[in-house]
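Colleague: Just passing along the structure, written as structure tokens.
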Amino acid sequence: MIADDSALLRQGLARLLADDGCDVVVDVGDARALLQAVEADPPDAVIVDIRMPPSHTDEGLVAARTIRERHPGVAILVLSSYLESEYAARLLHEVPARAGYLLKERVSDVGVVTDALRRLVDGECVIDPTIVSRLLRRASGAVSGFDRLTGRERDVLTLMAEGRSNGAIGKALFLSKKTVEAHVRAIFLKLALTTSPDDDRRVLSVLTMLRSMP
């Protein structure tokens, strides 16, 4: 299901997703209609804009959180025109599994959107790399221990914060799972973060650390 107040974006995205093998069952223009559609027949995933009628503030985000409370098995992908890490933080609060945040500019690359949807349906969380990059730039010199990370550890941290599992990080960086696990342990040690076997909690702890920057 897709919810966005721009009919052009909804229809364009629906066509792109359909061409890539996704079944778009509903597209609506406001959060209320989305909630009604989800209640009637919960889908595998929902794509929702943050700012929609009537106030164009955070209706989509509120709807996303409502869906997560009522239908925890539904994956949520929030799209936004705005580079606001606070939105990602609110979306991922408490239960980050099956929740994602991408900038609308990613819609032009349907492969990125479908990859995000599949990862979310599989129980992962997805955060736009642009947001992660901005947070990591701000972290340099502002977060205790950040300057002690090696270049490779920063690469691993970036992918961790995007929601990638150790296996996916290894494939992206051509590293063995054992090597990735060693880098992750070093990162948590240097940044004084609590380790966790839960990948989603691990991502959330990284974001929490980054959001605490001055």
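Ordering of the structure tokens sets the chain letters (A, B, ...), residue numbers begin anew at 1 in every chain, and ligands are numbered from 1 in the order given.
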Taking a cut-off of 9 Å and counting only C-alpha atoms, can you build a table that, for each residue of segment 120-161 of chain A near segment 87-111 of chain A, reports the nearest atom pair and how far apart they are in Å (one decimal), sorted by chain then residue number, as a tab-separated table?
Modeller:
```
residue	atom	partner	partner_atom	distance
A:Leu120	CA	A:Arg98	CA	4.4
A:Val121	CA	A:Arg98	CA	6.1
A:Asp122	CA	A:Arg98	CA	7.4
A:Gly123	CA	A:Arg98	CA	4.8
A:Glu124	CA	A:Ala97	CA	5.2
A:Cys125	CA	A:Ala99	CA	5.0
A:Val126	CA	A:Gly100	CA	4.3
A:Ile127	CA	A:Tyr101	CA	5.1
A:Asp128	CA	A:Leu102	CA	4.7
A:Pro129	CA	A:Leu102	CA	8.3
A:Thr130	CA	A:Leu103	CA	8.2
A:Ile131	CA	A:Leu103	CA	8.7
```
Colleague: Please list as JSON, numbers by chain every residue within 12 Å of Leu17 of chain A, counting only C-alpha atoms and excluding residues in the same chain fewer than 3 positions away.
Modeller: {"A": [1, 2, 9, 10, 11, 12, 13, 14, 20, 21, 22, 23, 24, 25, 47, 107, 108, 109, 110, 111, 112, 113, 114, 115, 116, 117, 118]}
Colleague: Just write the chosen residues, C-alpha atoms, as a PDB file, in the first residue's frame.
Modeller:
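Contents of selection.pdb, freshly written:
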```
ATOM      1  CA  MET A   1       0.000   0.000   0.000  1.00  0.00           C
ATOM      2  CA  ILE A   2       1.188   3.513  -0.844  1.00  0.00           C
ATOM      3  CA  LEU A   9       4.257  10.238  -7.147  1.00  0.00           C
ATOM      4  CA  ARG A  10       1.827   7.507  -6.031  1.00  0.00           C
ATOM      5  CA  GLN A  11       1.014   6.410  -9.527  1.00  0.00           C
ATOM      6  CA  GLY A  12       4.588   6.629 -10.736  1.00  0.00           C
ATOM      7  CA  LEU A  13       5.895   4.649  -7.791  1.00  0.00           C
ATOM      8  CA  ALA A  14       3.128   2.078  -8.145  1.00  0.00           C
ATOM      9  CA  ASP A  20       9.755  -4.801 -10.529  1.00  0.00           C
ATOM     10  CA  GLY A  21       7.441  -7.575  -9.340  1.00  0.00           C
ATOM     11  CA  CYS A  22       5.609  -5.902  -6.433  1.00  0.00           C
ATOM     12  CA  ASP A  23       1.818  -6.041  -6.110  1.00  0.00           C
ATOM     13  CA  VAL A  24       0.519  -2.570  -5.202  1.00  0.00           C
ATOM     14  CA  VAL A  25      -2.978  -3.174  -3.843  1.00  0.00           C
ATOM     15  CA  ILE A  47       5.007   3.086   1.940  1.00  0.00           C
ATOM     16  CA  VAL A 107      12.197   6.773  -5.528  1.00  0.00           C
ATOM     17  CA  SER A 108      13.883   7.431  -8.870  1.00  0.00           C
ATOM     18  CA  ASP A 109      15.906   4.249  -8.291  1.00  0.00           C
ATOM     19  CA  VAL A 110      13.257   1.561  -7.922  1.00  0.00           C
ATOM     20  CA  GLY A 111      15.933  -0.990  -7.104  1.00  0.00           C
ATOM     21  CA  VAL A 112      16.728   0.865  -3.880  1.00  0.00           C
ATOM     22  CA  VAL A 113      13.047   0.953  -2.902  1.00  0.00           C
ATOM     23  CA  THR A 114      12.367  -2.708  -3.666  1.00  0.00           C
ATOM     24  CA  ASP A 115      15.548  -3.758  -1.864  1.00  0.00           C
ATOM     25  CA  ALA A 116      14.424  -1.759   1.163  1.00  0.00           C
ATOM     26  CA  LEU A 117      10.936  -3.305   1.041  1.00  0.00           C
ATOM     27  CA  ARG A 118      12.290  -6.841   0.857  1.00  0.00           C
TER      28      ARG A 118
END
```
Colleague: To one decimal place, how far is atom CA of Lys190 of chain A from atom CA of Asn166 of chain A in Å?
Modeller: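 Atom CA of Asn166 of chain A lies 18.3 Å from atom CA of Lys190 of chain A.
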Colleague: Using DSSP on the backbone coordinates, identify all residues within segment 69-120 of chain A classified as strand (DSSP E or B); present the result as an mmCIF file with N, CA and C atoms, in the first residue's frame.
Modeller:
```cif
data_model
loop_
_atom_site.group_PDB
_atom_site.id
_atom_site.type_symbol
_atom_site.label_atom_id
_atom_site.label_comp_id
_atom_site.auth_asym_id
_atom_site.auth_seq_id
_atom_site.Cartn_x
_atom_site.Cartn_y
_atom_site.Cartn_z
ATOM 1 N N ALA A 75 5.388 -4.321 7.397
ATOM 2 C CA ALA A 75 6.602 -3.523 7.238
ATOM 3 C C ALA A 75 6.236 -2.089 6.870
ATOM 4 N N ILE A 76 6.969 -1.130 7.407
ATOM 5 C CA ILE A 76 6.689 0.289 7.180
ATOM 6 C C ILE A 76 7.898 0.963 6.555
ATOM 7 N N LEU A 77 7.721 1.575 5.388
ATOM 8 C CA LEU A 77 8.773 2.370 4.759
ATOM 9 C C LEU A 77 8.284 3.805 4.653
ATOM 10 N N VAL A 78 8.904 4.690 5.412
ATOM 11 C CA VAL A 78 8.540 6.107 5.408
ATOM 12 C C VAL A 78 9.412 6.844 4.395
ATOM 13 N N LEU A 79 8.770 7.655 3.565
ATOM 14 C CA LEU A 79 9.482 8.501 2.609
ATOM 15 C C LEU A 79 9.372 9.953 3.042
ATOM 16 N N SER A 80 10.436 10.704 2.844
ATOM 17 C CA SER A 80 10.397 12.121 3.203
ATOM 18 C C SER A 80 11.262 12.932 2.255
ATOM 19 N N ALA A 99 10.954 -1.491 10.059
ATOM 20 C CA ALA A 99 10.724 -0.055 9.894
ATOM 21 C C ALA A 99 11.882 0.563 9.117
ATOM 22 N N GLY A 100 11.542 1.452 8.178
ATOM 23 C CA GLY A 100 12.577 2.078 7.369
ATOM 24 C C GLY A 100 12.269 3.522 7.047
ATOM 25 N N TYR A 101 13.326 4.265 6.730
ATOM 26 C CA TYR A 101 13.203 5.692 6.422
ATOM 27 C C TYR A 101 14.106 5.989 5.233
ATOM 28 N N LEU A 102 13.510 6.440 4.124
ATOM 29 C CA LEU A 102 14.275 6.815 2.944
ATOM 30 C C LEU A 102 13.882 8.209 2.484
ATOM 31 N N LEU A 103 14.818 8.904 1.874
ATOM 32 C CA LEU A 103 14.503 10.184 1.252
ATOM 33 C C LEU A 103 13.771 9.936 -0.061
#
```
Colleague: Based on DSSP run over this structure's backbone, return all residues of chain A in alpha helix (DSSP H), as JSON, numbers by chain.
Modeller: {"A": [7, 8, 9, 10, 11, 12, 13, 14, 15, 16, 17, 18, 19, 31, 32, 33, 34, 35, 36, 37, 38, 39, 40, 59, 60, 61, 62, 63, 64, 65, 66, 67, 68, 69, 70, 85, 86, 87, 88, 89, 90, 91, 92, 110, 111, 112, 113, 114, 115, 116, 117, 118, 119, 120, 121, 129, 130, 131, 132, 133, 134, 135, 136, 137, 138, 139, 151, 152, 153, 154, 155, 156, 157, 158, 159, 160, 161, 166, 167, 168, 169, 170, 171, 172, 173, 177, 178, 179, 180, 181, 182, 183, 184, 185, 186, 187, 188, 189, 190, 191, 199, 200, 201, 202, 203, 204, 205, 206, 207, 208, 209, 210, 211]}
Colleague: If we count only C-alpha atoms and set the cut-off at 10 Å, which residues sit around Asp155 of chain A, ignoring sequence neighbours fewer than 6 positions away in its own chain? Please answer as a count of residues only.
Modeller: 5
Colleague: Just give me the gap between atom CA of Ala192 of chain A and atom CA of Leu135 of chain A in Å, one decimal is fine.
Modeller: 17.5 Å
Colleague: Of the residues A:Ala139, A:His71, A:Thr66, A:Ala168, which is the one nearest to Arg154 of chain A, using only C-alpha atoms?
Modeller: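 Checking each candidate against Arg154 of chain A, we get A:Ala139 as the closest.
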Colleague: From the list A:Arg152, A:Ala45, A:Gly145, A:Ile67, which residue is nearest Gly170 of chain A when using only C-alpha atoms?
Modeller: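 Under the stated criterion, the closest residue is A:Arg152.
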Colleague: Here is a test: counting only C-alpha atoms, which residue of A:Gly141, A:Gly60, A:Arg65, A:Val26 is nearest to Ala40 of chain A?
Modeller: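 So, comparing all the options, the nearest one is A:Val26.
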Colleague: Work out how far atom CA of Val74 of chain A is from atom CA of Lys171 of chain A, in Å to one decimal.
Modeller: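 About the pair atom CA of Lys171 of chain A and atom CA of Val74 of chain A: they are 27.3 Å apart.
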